[in-house]
>>> print(open('input_33.txt').read())   # compact mmCIF, C-alpha atoms
# COMPACT_ATOMS: atom_id res chain seq x y z
CA MET V 1400 -63.03 13.04 48.39
CA PRO V 1401 -62.26 11.35 51.71
CA ALA V 1402 -65.51 12.34 53.43
CA THR V 1403 -67.71 9.31 53.91
CA PRO V 1404 -70.58 8.66 56.28
CA SER V 1405 -69.10 7.10 59.42
CA SER V 1406 -71.87 4.54 59.68
CA ARG V 1407 -70.80 2.88 56.44
CA CYS V 1408 -68.28 0.11 56.12
CA VAL V 1409 -65.75 1.71 53.80
CA CYS V 1410 -62.41 1.03 55.44
CA THR V 1411 -62.13 -2.69 54.85
CA PRO V 1412 -63.43 -4.77 51.99
CA CYS V 1413 -66.50 -6.48 53.44
CA SER V 1414 -65.99 -10.22 52.91
CA GLY V 1415 -64.39 -9.69 49.53
CA GLU V 1416 -67.05 -7.28 48.26
CA ARG V 1417 -66.11 -3.87 46.92
CA ALA V 1418 -66.22 -0.96 49.34
CA VAL V 1419 -69.58 0.78 49.67
CA THR V 1420 -69.95 3.81 47.42
CA SER V 1421 -71.72 6.87 48.81
CA ASP V 1422 -74.72 8.36 47.00
CA ARG V 1423 -72.82 11.62 46.84
CA SER V 1424 -69.95 10.09 44.92
CA VAL V 1425 -72.41 8.42 42.52
CA ILE V 1426 -73.96 11.83 41.83
CA ALA V 1427 -70.53 13.49 41.55
CA ASP V 1428 -69.35 10.88 39.04
CA SER V 1429 -72.60 11.28 37.09
CA LEU V 1430 -72.26 15.07 36.98
CA GLY V 1431 -68.66 14.71 35.84
CA VAL V 1432 -69.53 12.37 33.01
CA GLY V 1433 -72.50 14.59 32.20
CA VAL V 1434 -70.40 17.74 31.96
CA ALA V 1435 -67.65 16.05 29.92
CA THR V 1436 -70.15 14.50 27.51
CA GLY V 1437 -72.53 17.44 27.42
CA ALA V 1438 -69.73 19.83 26.49
CA TYR V 1439 -69.13 17.74 23.40
CA GLY V 1440 -72.42 19.05 22.02
CA VAL V 1441 -70.48 22.16 20.98
CA SER V 1442 -68.64 20.11 18.41
CA PHE V 1443 -71.89 18.52 17.25
CA GLY V 1444 -73.53 21.91 16.76
CA ALA V 1445 -70.53 23.29 14.93
CA LEU V 1446 -70.13 20.20 12.74
CA ALA V 1447 -73.87 20.13 11.98
CA THR V 1448 -73.93 23.68 10.62
CA GLY V 1449 -70.67 22.91 8.82
CA ALA V 1450 -72.43 19.95 7.15
CA GLY V 1451 -75.12 22.27 5.80
CA LEU V 1452 -77.82 22.03 8.47
CA ASP V 1453 -79.31 25.22 9.86
CA VAL V 1454 -79.32 26.08 13.56
CA TRP V 1455 -82.92 24.86 13.96
CA GLN V 1456 -82.15 21.49 12.43
CA ALA V 1457 -79.10 21.03 14.64
CA CYS V 1458 -81.13 21.86 17.76
CA VAL V 1459 -84.12 19.67 16.83
CA LEU V 1460 -81.69 16.81 16.20
CA SER V 1461 -80.22 17.08 19.68
CA LEU V 1462 -83.64 17.50 21.31
CA ALA V 1463 -85.55 14.79 19.47
CA VAL V 1464 -82.89 12.21 18.64
CA PHE V 1465 -80.60 12.67 21.66
CA THR V 1466 -78.09 9.92 21.03
CA GLY V 1467 -74.73 11.40 20.12
CA ALA V 1468 -73.14 8.72 17.99
CA SER V 1469 -76.26 8.53 15.80
CA GLN V 1470 -76.33 12.30 15.40
CA PHE V 1471 -72.67 12.40 14.39
CA ALA V 1472 -73.25 9.52 11.96
CA PHE V 1473 -76.14 11.45 10.34
CA ILE V 1474 -74.22 14.68 9.80
CA GLY V 1475 -71.22 12.64 8.66
CA VAL V 1476 -73.30 11.15 5.83
CA VAL V 1477 -74.90 14.52 5.00
CA ALA V 1478 -71.50 16.28 5.02
CA SER V 1479 -70.07 13.76 2.57
CA GLY V 1480 -72.96 14.43 0.19
CA GLY V 1481 -74.98 11.34 1.06
CA ASN V 1482 -78.77 11.14 1.05
CA PRO V 1483 -80.15 12.34 4.42
CA LEU V 1484 -82.44 9.30 4.52
CA THR V 1485 -79.42 6.99 4.19
CA GLY V 1486 -77.84 8.95 6.98
CA ALA V 1487 -81.02 8.54 9.04
CA LEU V 1488 -81.05 4.77 8.54
CA THR V 1489 -77.40 4.54 9.57
CA ALA V 1490 -78.22 6.58 12.64
CA VAL V 1491 -81.19 4.39 13.58
CA LEU V 1492 -79.08 1.25 13.12
CA LEU V 1493 -76.48 2.73 15.41
CA GLY V 1494 -79.24 3.71 17.84
CA SER V 1495 -80.38 0.09 18.06
CA ARG V 1496 -77.80 -0.46 20.78
CA ASN V 1497 -79.96 1.68 23.05
CA MET V 1498 -82.51 -1.14 22.96
CA PHE V 1499 -79.94 -3.48 24.50
CA TYR V 1500 -79.12 -0.84 27.08
CA GLY V 1501 -82.83 -0.68 27.87
CA LEU V 1502 -82.84 -4.45 28.45
CA SER V 1503 -80.16 -4.03 31.13
CA LEU V 1504 -81.87 -0.97 32.62
CA ALA V 1505 -85.48 -2.25 32.76
CA PRO V 1506 -85.07 -4.43 35.89
CA LEU V 1507 -83.24 -1.58 37.66
CA LEU V 1508 -85.64 1.25 36.76
CA ARG V 1509 -88.93 -0.75 36.81
CA LEU V 1510 -90.93 1.88 34.93
CA THR V 1511 -94.48 1.99 33.58
CA GLY V 1512 -96.65 4.43 31.65
CA PRO V 1513 -95.59 8.07 31.21
CA ALA V 1514 -92.50 7.63 33.41
CA ARG V 1515 -91.25 4.96 31.02
CA LEU V 1516 -91.95 7.16 27.97
CA ALA V 1517 -90.03 10.08 29.48
CA SER V 1518 -87.16 7.97 30.82
CA ALA V 1519 -86.71 6.12 27.51
CA HIS V 1520 -85.42 9.33 25.94
CA LEU V 1521 -82.52 9.35 28.43
CA VAL V 1522 -81.36 5.81 27.54
CA ILE V 1523 -77.92 6.48 26.03
CA ASP V 1524 -74.37 5.13 26.37
CA GLU V 1525 -73.34 7.22 29.34
CA SER V 1526 -76.53 7.08 31.43
CA THR V 1527 -76.59 3.28 31.01
CA ALA V 1528 -72.93 2.86 31.86
CA MET V 1529 -73.27 5.02 34.98
CA ALA V 1530 -76.29 2.94 36.07
CA VAL V 1531 -75.53 -0.72 35.36
CA THR V 1532 -72.13 -0.55 37.07
CA ARG V 1533 -73.70 0.42 40.42
CA GLU V 1534 -74.06 -2.06 43.26
CA THR V 1535 -77.57 -1.13 44.40
CA THR V 1536 -80.80 -0.37 42.57
CA ARG V 1537 -81.01 3.00 44.30
CA GLN V 1538 -77.58 4.06 43.07
CA ALA V 1539 -78.28 2.65 39.61
CA ARG V 1540 -81.30 4.98 39.41
CA LEU V 1541 -79.30 7.91 40.76
CA GLY V 1542 -76.60 7.27 38.16
CA PHE V 1543 -79.11 6.94 35.32
CA TYR V 1544 -81.15 10.08 36.01
CA TRP V 1545 -78.33 12.39 37.11
CA THR V 1546 -76.18 11.43 34.13
CA GLY V 1547 -79.05 11.42 31.63
CA ALA V 1548 -80.59 14.71 32.77
CA THR V 1549 -77.24 16.53 33.00
CA ILE V 1550 -76.28 15.43 29.52
CA PHE V 1551 -79.72 16.28 28.12
CA VAL V 1552 -79.61 19.85 29.42
CA LEU V 1553 -75.98 20.50 28.51
CA TRP V 1554 -76.02 18.63 25.21
CA ASN V 1555 -78.91 20.75 23.93
CA ALA V 1556 -77.49 24.02 25.27
CA THR V 1557 -74.06 23.36 23.80
CA THR V 1558 -75.53 22.17 20.50
CA PHE V 1559 -77.25 25.55 20.20
CA LEU V 1560 -74.06 27.44 21.10
CA GLY V 1561 -71.96 25.34 18.76
CA ALA V 1562 -74.41 25.77 15.90
CA LEU V 1563 -74.49 29.54 16.45
CA ALA V 1564 -70.75 29.87 16.72
CA GLY V 1565 -70.08 27.47 13.89
CA THR V 1566 -66.41 27.01 13.45
CA ALA V 1567 -65.57 30.27 15.26
CA ILE V 1568 -65.27 28.45 18.60
CA GLY V 1569 -62.42 26.47 17.17
CA ASP V 1570 -61.76 22.78 16.87
CA PRO V 1571 -62.78 20.81 20.01
CA ARG V 1572 -59.90 18.50 19.14
CA ASP V 1573 -57.52 21.30 20.19
CA TYR V 1574 -58.75 20.71 23.73
CA GLY V 1575 -58.37 16.95 23.44
CA LEU V 1576 -62.13 16.46 23.80
CA ASP V 1577 -62.22 13.64 21.24
CA ALA V 1578 -59.53 11.79 23.18
CA ALA V 1579 -61.42 12.40 26.43
CA VAL V 1580 -64.39 10.47 25.05
CA GLY V 1581 -62.21 7.41 24.34
CA ALA V 1582 -60.71 7.62 27.83
CA ALA V 1583 -64.17 7.92 29.38
CA PHE V 1584 -65.36 4.81 27.53
CA LEU V 1585 -62.23 2.97 28.75
CA GLY V 1586 -62.93 4.07 32.31
CA LEU V 1587 -66.45 2.66 32.00
CA LEU V 1588 -65.21 -0.59 30.48
CA TRP V 1589 -62.37 -1.11 32.97
CA PRO V 1590 -64.36 -2.44 35.98
CA ARG V 1591 -66.05 -4.97 33.67
CA LEU V 1592 -62.82 -6.57 32.48
CA THR V 1593 -62.70 -8.91 35.46
CA SER V 1594 -62.59 -12.18 33.50
CA TRP V 1595 -60.70 -13.39 30.47
CA GLY V 1596 -64.03 -13.92 28.76
CA ALA V 1597 -64.87 -10.23 29.14
CA ARG V 1598 -61.42 -9.11 28.01
CA LEU V 1599 -61.57 -11.33 24.93
CA THR V 1600 -65.07 -10.07 24.11
CA ALA V 1601 -63.95 -6.43 24.27
CA LEU V 1602 -60.81 -7.12 22.22
CA LEU V 1603 -62.72 -9.11 19.60
CA ALA V 1604 -65.32 -6.36 19.26
CA ALA V 1605 -62.56 -3.74 18.93
CA ALA V 1606 -60.65 -5.77 16.32
CA ILE V 1607 -63.72 -6.45 14.17
CA ALA V 1608 -64.83 -2.82 14.41
CA LEU V 1609 -61.40 -1.58 13.33
CA GLY V 1610 -61.30 -4.05 10.46
CA LEU V 1611 -64.62 -2.69 9.20
CA VAL V 1612 -63.86 1.05 9.51
CA PRO V 1613 -62.31 1.40 6.03
CA PHE V 1614 -65.15 -0.42 4.28
CA THR V 1615 -68.42 0.50 5.94
CA ALA V 1616 -70.53 3.54 6.72
CA ALA V 1617 -69.83 5.34 9.97
CA GLY V 1618 -71.49 3.58 12.88
CA VAL V 1619 -71.70 0.14 11.28
CA PRO V 1620 -68.35 -1.11 12.72
CA ILE V 1621 -69.60 -0.56 16.28
CA ILE V 1622 -72.83 -2.48 15.71
CA VAL V 1623 -71.25 -5.37 13.78
CA GLY V 1624 -68.15 -5.63 15.98
CA GLY V 1625 -70.28 -5.58 19.10
CA ALA V 1626 -72.81 -8.08 17.76
CA VAL V 1627 -70.22 -10.60 16.55
CA ALA V 1628 -68.33 -10.43 19.85
CA VAL V 1629 -71.54 -10.98 21.83
CA LEU V 1630 -72.49 -13.96 19.64
CA ALA V 1631 -68.99 -15.42 20.03
CA GLY V 1632 -69.25 -15.03 23.79
CA LEU V 1633 -72.66 -16.72 23.81
CA VAL V 1634 -71.52 -19.64 21.67
CA ARG V 1635 -68.52 -20.17 23.94
CA HIS V 1636 -70.77 -20.11 26.97
CA VAL V 1637 -73.84 -22.12 25.97
CA PRO V 1638 -74.49 -23.94 29.24
CA ALA V 1639 -74.83 -27.71 29.30
CA PRO V 1640 -78.38 -28.77 30.28
CA GLU V 1641 -77.29 -29.91 33.75
CA GLU V 1642 -75.88 -26.42 34.45
CA LEU V 1643 -79.27 -24.82 33.97
CA PRO V 1644 -81.00 -23.89 37.21
CA MET Z 169 -83.72 20.99 3.09
CA THR Z 170 -86.99 19.01 3.17
CA THR Z 171 -85.11 15.73 2.93
CA ILE Z 172 -82.97 16.77 5.87
CA TRP Z 173 -86.14 17.35 7.90
CA ALA Z 174 -87.44 13.96 6.70
CA GLY Z 175 -84.18 12.35 7.77
CA ILE Z 176 -84.43 14.00 11.18
CA ALA Z 177 -88.02 12.75 11.58
CA VAL Z 178 -87.08 9.17 10.63
CA MET Z 179 -84.11 9.28 12.97
CA ALA Z 180 -86.07 10.69 15.92
CA ALA Z 181 -88.85 8.10 15.54
CA GLY Z 182 -86.49 5.17 14.97
CA CYS Z 183 -84.07 5.99 17.77
CA PHE Z 184 -86.87 6.60 20.27
CA ALA Z 185 -88.59 3.35 19.27
CA PHE Z 186 -85.41 1.38 20.05
CA LYS Z 187 -84.95 3.15 23.38
CA LEU Z 188 -88.55 2.46 24.41
CA ALA Z 189 -88.51 -1.14 23.14
CA GLY Z 190 -85.58 -2.02 25.37
CA LEU Z 191 -87.36 -0.75 28.46
CA SER Z 192 -90.65 -2.41 27.47
CA VAL Z 193 -89.56 -5.98 26.77
CA PRO Z 194 -91.26 -8.35 29.28
CA GLU Z 195 -89.03 -9.29 32.18
CA ARG Z 196 -89.26 -13.02 31.50
CA VAL Z 197 -87.17 -12.48 28.35
CA LEU Z 198 -84.31 -11.73 30.73
CA ASP Z 199 -84.91 -14.82 32.88
CA HIS Z 200 -83.14 -17.15 30.48
CA PRO Z 201 -79.46 -17.70 31.41
CA LEU Z 202 -78.38 -17.00 27.83
CA ALA Z 203 -80.17 -13.64 27.90
CA GLN Z 204 -78.54 -12.84 31.24
CA HIS Z 205 -75.18 -13.70 29.76
CA ALA Z 206 -75.89 -11.60 26.66
CA ALA Z 207 -76.95 -8.64 28.82
CA GLY Z 208 -73.55 -8.80 30.52
CA LEU Z 209 -71.62 -9.17 27.27
CA ILE Z 210 -73.36 -6.39 25.32
CA PRO Z 211 -71.89 -3.38 27.17
CA VAL Z 212 -68.43 -4.95 27.21
CA ALA Z 213 -68.52 -5.63 23.47
CA LEU Z 214 -70.02 -2.26 22.52
CA LEU Z 215 -67.65 -0.31 24.75
CA GLY Z 216 -64.73 -2.24 23.24
CA ALA Z 217 -65.88 -1.37 19.72
CA LEU Z 218 -66.68 2.24 20.68
CA ILE Z 219 -63.22 2.76 22.17
CA ALA Z 220 -61.51 1.30 19.12
CA VAL Z 221 -63.47 3.45 16.67
CA GLN Z 222 -63.22 6.55 18.86
CA VAL Z 223 -59.42 6.21 19.11
CA PHE Z 224 -58.42 4.89 15.68
CA GLY Z 225 -61.36 5.94 13.52
CA GLY Z 226 -60.79 8.35 10.65
CA ASP Z 227 -62.57 9.11 7.41
CA HIS Z 228 -62.88 5.51 6.17
CA ALA Z 229 -59.36 4.79 7.42
CA LEU Z 230 -57.54 3.91 10.61
CA VAL Z 231 -55.50 6.76 12.05
CA VAL Z 232 -52.83 6.71 14.75
CA ASP Z 233 -52.56 10.12 16.42
CA ALA Z 234 -52.65 11.88 19.78
CA ARG Z 235 -55.80 9.96 20.73
CA LEU Z 236 -53.79 6.74 21.12
CA ALA Z 237 -51.30 8.39 23.48
CA ALA Z 238 -54.24 9.74 25.48
CA LEU Z 239 -55.75 6.25 25.70
CA GLY Z 240 -52.39 4.88 26.88
CA VAL Z 241 -52.26 7.52 29.63
CA ALA Z 242 -55.84 6.64 30.59
CA ALA Z 243 -55.00 2.92 30.81
CA VAL Z 244 -51.93 3.55 33.01
CA LEU Z 245 -53.93 5.83 35.31
CA LEU Z 246 -56.73 3.24 35.56
CA MET Z 247 -54.14 0.61 36.49
CA LEU Z 248 -52.93 2.99 39.21
CA ARG Z 249 -56.58 3.28 40.40
CA VAL Z 250 -56.76 7.00 39.65
CA PRO Z 251 -60.42 8.13 39.87
CA PHE Z 252 -62.52 8.57 36.76
CA LEU Z 253 -62.54 12.35 36.32
CA PRO Z 254 -58.81 13.08 36.84
CA MET Z 255 -58.14 10.18 34.48
CA VAL Z 256 -60.37 11.66 31.74
CA PHE Z 257 -58.92 15.15 32.17
CA ALA Z 258 -55.37 13.79 32.03
CA ALA Z 259 -56.19 11.97 28.79
CA ALA Z 260 -57.65 15.13 27.23
CA ALA Z 261 -54.66 17.20 28.37
CA THR Z 262 -52.29 14.61 26.87
CA ALA Z 263 -53.94 14.88 23.46
CA ALA Z 264 -54.16 18.66 23.65
CA LEU Z 265 -50.47 18.98 24.56
CA ILE Z 266 -49.33 16.61 21.82
CA ARG Z 267 -51.32 18.60 19.25
CA LEU Z 268 -49.87 21.82 20.57
CA LEU Z 269 -46.28 20.65 20.08
>>> encode(input="input_33.txt", output="structure tokens")
Amino acid sequence: MPATPSSRCVCTPCSGERAVTSDRSVIADSLGVGVATGAYGVSFGALATGAGLDVWQACVLSLAVFTGASQFAFIGVVASGGNPLTGALTAVLLGSRNMFYGLSLAPLLRLTGPARLASAHLVIDESTAMAVTRETTRQARLGFYWTGATIFVLWNATTFLGALAGTAIGDPRDYGLDAAVGAAFLGLLWPRLTSWGARLTALLAAAIALGLVPFTAAGVPIIVGGAVAVLAGLVRHVPAPEELP
Amino acid sequence: MTTIWAGIAVMAAGCFAFKLAGLSVPERVLDHPLAQHAAGLIPVALLGALIAVQVFGGDHALVVDARLAALGVAAVLLMLRVPFLPMVFAAAATAALIRLL
């Protein structure tokens, strides 16, 4: 989209900074991520009823839990005959990463009271990623709410449709939707790989996660791989006392 | 059935508590340079792990399939500075086509 407000400096990099992004393109990107992610609720709904949940349970899950990876982890455990409470604990463990997302979001959103309660529900992978990568607080908020709200509406609608249709809709993998999610995550990671430290952290997390996949419950490799890589990055970077401000 | 509802209740409460806790931690916790550094590392590490599991993850096994080709296409397009949405659609189309063949 070449249209940009003429008053903005977009033609030349301003003293080495990245070009200014328009609010409209922030919203467009957010809607795009929201539609791509929200559509994936079809597969959640279908897989949930396939795992033995009824339509109500699938819909309440998407409404009340609203964090995709945790929901998939839960029905994965239930589908393989595991105890639903074990599945729930796995899901909550996986959902703990949303707390770290909240840490990054809090200074951008600056929320109190009921607004914080309502906004907390929208703290997920995609809304965080579309917020913390923005250059201004205003665009971080735009990214967070547009992405979060779009996904919330679509995720719940498509969960309901998927649960109703069950497997009749077909396998979302036939449309490459599972691969689209990996590509979307890579697109979100890409701008952050600006230093060797960041690249090593991402690679270490990926390697540890892959090493754990065969041996652990679904969801655990992401938490452990991520945590170990963060700790390794912190240990490497403990500042000497004179470097402290 | 009741245990499924119990599981859903536990999950809803636990996941929401984590979401709210992150937003509610006092700001001074983030003032420390180590915390600042951790806040920058966390998304990088989690996205790295998420990509790996999303692309290679199978039922308790690592699987190489159309998802890897799609990720390769995504990486090339990102290197060529192709915008986000065309990149994601191209990756999905790659996987869909490979599975069709």
>>> closest_residue(input="input_33.txt", among="V:Leu1630, V:Ala1505, V:Leu1599, V:Ala1517", to="chain Z", atoms="only C-alpha atoms")
V:Ala1505
>>> residues_around(input="input_33.txt", residues="stretch 253-268 of chain Z", least_positions_apart="4", cutoff="10 Å", atoms="all atoms listed in the file", output="PyMOL selection string")
(chain V and resi 1427-1428+1431-1432+1435+1571-1586) or (chain Z and resi 233-246+249)
>>> residues_around(input="input_33.txt", residues="stretch 1554-1566 of chain V", least_positions_apart="5", cutoff="12 Å", atoms="all atoms listed in the file", output="ChimeraX atom specification")
/V:1432-1467,1470-1471,1521,1546-1549,1571
>>> atom_distance(input="input_33.txt", atom1="atom CA of Z:Ala217", atom2="atom CA of Z:Ala189")
22.9 Å
>>> closest_residue(input="input_33.txt", among="V:Phe1473, V:Trp1595, V:Trp1589, V:Phe1499", to="Z:Val178", atoms="all atoms listed in the file")
V:Phe1473
>>> residues_around(input="input_33.txt", residues="V:Ala1597", least_positions_apart="6", cutoff="12 Å", atoms="only C-alpha atoms", output="number ranges by chain")
V: 1588-1591, 1603-1604, 1628-1629, 1631-1633, 1635-1636; Z: 205-206, 208-216
>>> residues_around(input="input_33.txt", residues="Z:Gly225", least_positions_apart="2", cutoff="12 Å", atoms="all atoms listed in the file", output="VMD selection string")
(chain V and resid 1577 to 1578 1581 1605 1608 to 1618 1620 to 1621) or (chain Z and resid 217 to 223 227 to 233 235 to 236)
>>> residues_around(input="input_33.txt", residues="V:Asn1497", least_positions_apart="6", cutoff="8 Å", atoms="all atoms listed in the file", output="NGL selection string")
(:V and (1522-1524)) or (:Z and (183 or 186-187 or 190))
>>> atom_distance(input="input_33.txt", atom1="atom CA of V:Ala1519", atom2="atom CA of V:Phe1543")
10.9 Å
>>> atom_distance(input="input_33.txt", atom1="atom CA of V:Ala1472", atom2="atom CA of V:Ala1490")
5.8 Å
>>> closest_residue(input="input_33.txt", among="V:Arg1540, V:Arg1423, V:Arg1533, V:Arg1509", to="chain Z", atoms="only C-alpha atoms")
V:Arg1509
>>> closest_residue(input="input_33.txt", among="Z:Leu269, Z:Ala180, Z:Ala185, Z:Val250", to="chain V", atoms="all atoms listed in the file")
Z:Ala180
>>> closest_residue(input="input_33.txt", among="Z:Thr170, Z:Ala181, Z:Leu191, Z:Met247", to="chain V", atoms="all atoms listed in the file")
Z:Leu191
>>> build_atoms(input="input_33.txt", residues="stretch 1544-1558 of chain V", atoms="N, CA, C and O atoms", output="compact mmCIF listing (two decimals), in the coordinates of the input")
# COMPACT_ATOMS: atom_id res chain seq x y z
N TYR V 1544 -80.45 8.81 36.17
CA TYR V 1544 -81.15 10.08 36.01
C TYR V 1544 -80.22 11.28 36.10
O TYR V 1544 -80.38 12.24 35.35
N TRP V 1545 -79.25 11.25 37.02
CA TRP V 1545 -78.33 12.39 37.11
C TRP V 1545 -77.50 12.51 35.84
O TRP V 1545 -77.31 13.60 35.31
N THR V 1546 -76.98 11.38 35.35
CA THR V 1546 -76.18 11.43 34.13
C THR V 1546 -77.04 11.83 32.94
O THR V 1546 -76.69 12.74 32.17
N GLY V 1547 -78.19 11.15 32.79
CA GLY V 1547 -79.05 11.42 31.63
C GLY V 1547 -79.55 12.85 31.59
O GLY V 1547 -79.51 13.52 30.54
N ALA V 1548 -80.02 13.35 32.74
CA ALA V 1548 -80.59 14.71 32.77
C ALA V 1548 -79.50 15.77 32.56
O ALA V 1548 -79.71 16.75 31.83
N THR V 1549 -78.33 15.56 33.19
CA THR V 1549 -77.24 16.53 33.00
C THR V 1549 -76.85 16.60 31.54
O THR V 1549 -76.68 17.69 30.97
N ILE V 1550 -76.69 15.43 30.92
CA ILE V 1550 -76.28 15.43 29.52
C ILE V 1550 -77.38 16.05 28.65
O ILE V 1550 -77.08 16.82 27.74
N PHE V 1551 -78.65 15.74 28.95
CA PHE V 1551 -79.72 16.28 28.12
C PHE V 1551 -79.71 17.80 28.13
O PHE V 1551 -79.78 18.45 27.08
N VAL V 1552 -79.61 18.38 29.30
CA VAL V 1552 -79.61 19.85 29.42
C VAL V 1552 -78.39 20.44 28.71
O VAL V 1552 -78.51 21.34 27.87
N LEU V 1553 -77.21 19.90 29.06
CA LEU V 1553 -75.98 20.50 28.51
C LEU V 1553 -75.83 20.22 27.02
O LEU V 1553 -75.40 21.08 26.26
N TRP V 1554 -76.17 19.01 26.61
CA TRP V 1554 -76.02 18.63 25.21
C TRP V 1554 -76.84 19.55 24.30
O TRP V 1554 -76.37 20.00 23.25
N ASN V 1555 -78.07 19.87 24.75
CA ASN V 1555 -78.91 20.75 23.93
C ASN V 1555 -78.44 22.20 23.98
O ASN V 1555 -78.44 22.89 22.96
N ALA V 1556 -78.01 22.65 25.17
CA ALA V 1556 -77.49 24.02 25.27
C ALA V 1556 -76.23 24.18 24.43
O ALA V 1556 -76.08 25.17 23.69
N THR V 1557 -75.32 23.21 24.53
CA THR V 1557 -74.06 23.36 23.80
C THR V 1557 -74.24 23.13 22.31
O THR V 1557 -73.51 23.70 21.50
N THR V 1558 -75.23 22.31 21.93
CA THR V 1558 -75.53 22.17 20.50
C THR V 1558 -75.92 23.53 19.91
O THR V 1558 -75.43 23.94 18.85
